[in-house]
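Following: one structure in structure tokens, then a few remarks.
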Amino acid sequence: MIGISMLIVVIGFVMMTGAASDATHFDPEIFSSMRIKVAPIVCFIGFVSVICGIMYKGKKKEDSK
């Protein structure tokens, strides 16, 4: 579960990347809704899933007598 959650976090960060603006060229794509809204939500879901994965205890096997 932790591995899948970390993959979700990485996907969120990849969604935030893209071409940058510099002093001579302005790229309006830096304000797209995917970069501003969707990607941070995906990262947040991934981080919450990592925390849940760390706290999850799992099922314990009982000794058969």
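As shown in the structure tokens, the chain order sets the letters A, B, ...; within each chain, residues go from 1, and ligands are also counted from 1 in the order they appear.
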Report as a PDB file with N, CA and C atoms, in the first residue's frame all protein, DNA and RNA residues lying within 12 Å of region 53-63 of chain A, evaluated on only C-alpha atoms, omitting residues in the same chain fewer than 5 positions from it.
ATOM      1  N   MET A   1       0.828  -1.191   0.000  1.00  0.00           N
ATOM      2  CA  MET A   1       0.000   0.000   0.000  1.00  0.00           C
ATOM      3  C   MET A   1       0.877   1.261   0.000  1.00  0.00           C
ATOM      4  N   ILE A   2       1.974   1.215   0.718  1.00  0.00           N
ATOM      5  CA  ILE A   2       2.854   2.390   0.765  1.00  0.00           C
ATOM      6  C   ILE A   2       3.494   2.639  -0.600  1.00  0.00           C
ATOM      7  N   GLY A   3       3.870   1.584  -1.294  1.00  0.00           N
ATOM      8  CA  GLY A   3       4.479   1.731  -2.610  1.00  0.00           C
ATOM      9  C   GLY A   3       3.526   2.352  -3.618  1.00  0.00           C
ATOM     10  N   ILE A   4       2.278   1.904  -3.613  1.00  0.00           N
ATOM     11  CA  ILE A   4       1.281   2.479  -4.520  1.00  0.00           C
ATOM     12  C   ILE A   4       1.028   3.935  -4.168  1.00  0.00           C
ATOM     13  N   SER A   5       0.991   4.241  -2.884  1.00  0.00           N
ATOM     14  CA  SER A   5       0.772   5.628  -2.449  1.00  0.00           C
ATOM     15  C   SER A   5       1.916   6.530  -2.885  1.00  0.00           C
ATOM     16  N   MET A   6       3.144   6.036  -2.776  1.00  0.00           N
ATOM     17  CA  MET A   6       4.286   6.827  -3.230  1.00  0.00           C
ATOM     18  C   MET A   6       4.240   7.051  -4.741  1.00  0.00           C
ATOM     19  N   GLY A  46      -2.169  11.073  -2.208  1.00  0.00           N
ATOM     20  CA  GLY A  46      -1.044  10.155  -2.076  1.00  0.00           C
ATOM     21  C   GLY A  46      -0.405  10.222  -0.696  1.00  0.00           C
ATOM     22  N   PHE A  47      -0.208  11.439  -0.183  1.00  0.00           N
ATOM     23  CA  PHE A  47       0.397  11.584   1.146  1.00  0.00           C
ATOM     24  C   PHE A  47      -0.501  11.016   2.241  1.00  0.00           C
ATOM     25  N   VAL A  48      -1.808  11.248   2.136  1.00  0.00           N
ATOM     26  CA  VAL A  48      -2.740  10.682   3.119  1.00  0.00           C
ATOM     27  C   VAL A  48      -2.727   9.158   3.045  1.00  0.00           C
TER      28      VAL A  48
END
For this session: State, in Å with one decimal place, the distance from CA of Gly12 (chain A) to CA of Glu29 (chain A).
Result: 16.7 Å
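Between CA of Asp27 (chain A) and CA of Phe13 (chain A) there is a distance of 19.0 Å.
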For this session: as a PyMOL selection string, list the residues of chain A assigned to alpha helix (DSSP H) by DSSP on the backbone atoms of this structure.
Result: chain A and resi 2-16+33+39-55
Write to file, as a PDB file, in the first residue's frame, the residues of the selection just made, with C-alpha atoms.
ATOM      1  CA  ILE A   2       2.854   2.390   0.765  1.00  0.00           C
ATOM      2  CA  GLY A   3       4.479   1.731  -2.610  1.00  0.00           C
ATOM      3  CA  ILE A   4       1.281   2.479  -4.520  1.00  0.00           C
ATOM      4  CA  SER A   5       0.772   5.628  -2.449  1.00  0.00           C
ATOM      5  CA  MET A   6       4.286   6.827  -3.230  1.00  0.00           C
ATOM      6  CA  LEU A   7       3.594   6.212  -6.920  1.00  0.00           C
ATOM      7  CA  ILE A   8       0.489   8.420  -6.640  1.00  0.00           C
ATOM      8  CA  VAL A   9       2.603  11.178  -5.059  1.00  0.00           C
ATOM      9  CA  VAL A  10       5.170  10.933  -7.857  1.00  0.00           C
ATOM     10  CA  ILE A  11       2.399  11.087 -10.481  1.00  0.00           C
ATOM     11  CA  GLY A  12       1.078  14.246  -8.807  1.00  0.00           C
ATOM     12  CA  PHE A  13       4.493  15.891  -8.940  1.00  0.00           C
ATOM     13  CA  VAL A  14       4.951  14.886 -12.587  1.00  0.00           C
ATOM     14  CA  MET A  15       1.584  16.474 -13.357  1.00  0.00           C
ATOM     15  CA  MET A  16       2.892  19.750 -11.903  1.00  0.00           C
ATOM     16  CA  SER A  33      -6.067  23.977 -13.853  1.00  0.00           C
ATOM     17  CA  ALA A  39      -1.976  17.854  -9.265  1.00  0.00           C
ATOM     18  CA  PRO A  40      -1.882  19.147  -5.652  1.00  0.00           C
ATOM     19  CA  ILE A  41      -5.051  17.178  -4.867  1.00  0.00           C
ATOM     20  CA  VAL A  42      -3.468  14.012  -6.304  1.00  0.00           C
ATOM     21  CA  CYS A  43      -0.347  14.610  -4.190  1.00  0.00           C
ATOM     22  CA  PHE A  44      -2.445  15.193  -1.079  1.00  0.00           C
ATOM     23  CA  ILE A  45      -4.360  11.953  -1.645  1.00  0.00           C
ATOM     24  CA  GLY A  46      -1.044  10.155  -2.076  1.00  0.00           C
ATOM     25  CA  PHE A  47       0.397  11.584   1.146  1.00  0.00           C
ATOM     26  CA  VAL A  48      -2.740  10.682   3.119  1.00  0.00           C
ATOM     27  CA  SER A  49      -2.575   7.167   1.670  1.00  0.00           C
ATOM     28  CA  VAL A  50       1.064   6.860   2.765  1.00  0.00           C
ATOM     29  CA  ILE A  51       0.098   7.831   6.314  1.00  0.00           C
ATOM     30  CA  CYS A  52      -2.736   5.278   6.281  1.00  0.00           C
ATOM     31  CA  GLY A  53      -0.350   2.649   4.927  1.00  0.00           C
ATOM     32  CA  ILE A  54       2.108   3.310   7.733  1.00  0.00           C
ATOM     33  CA  MET A  55      -0.576   3.116  10.413  1.00  0.00           C
TER      34      MET A  55
END
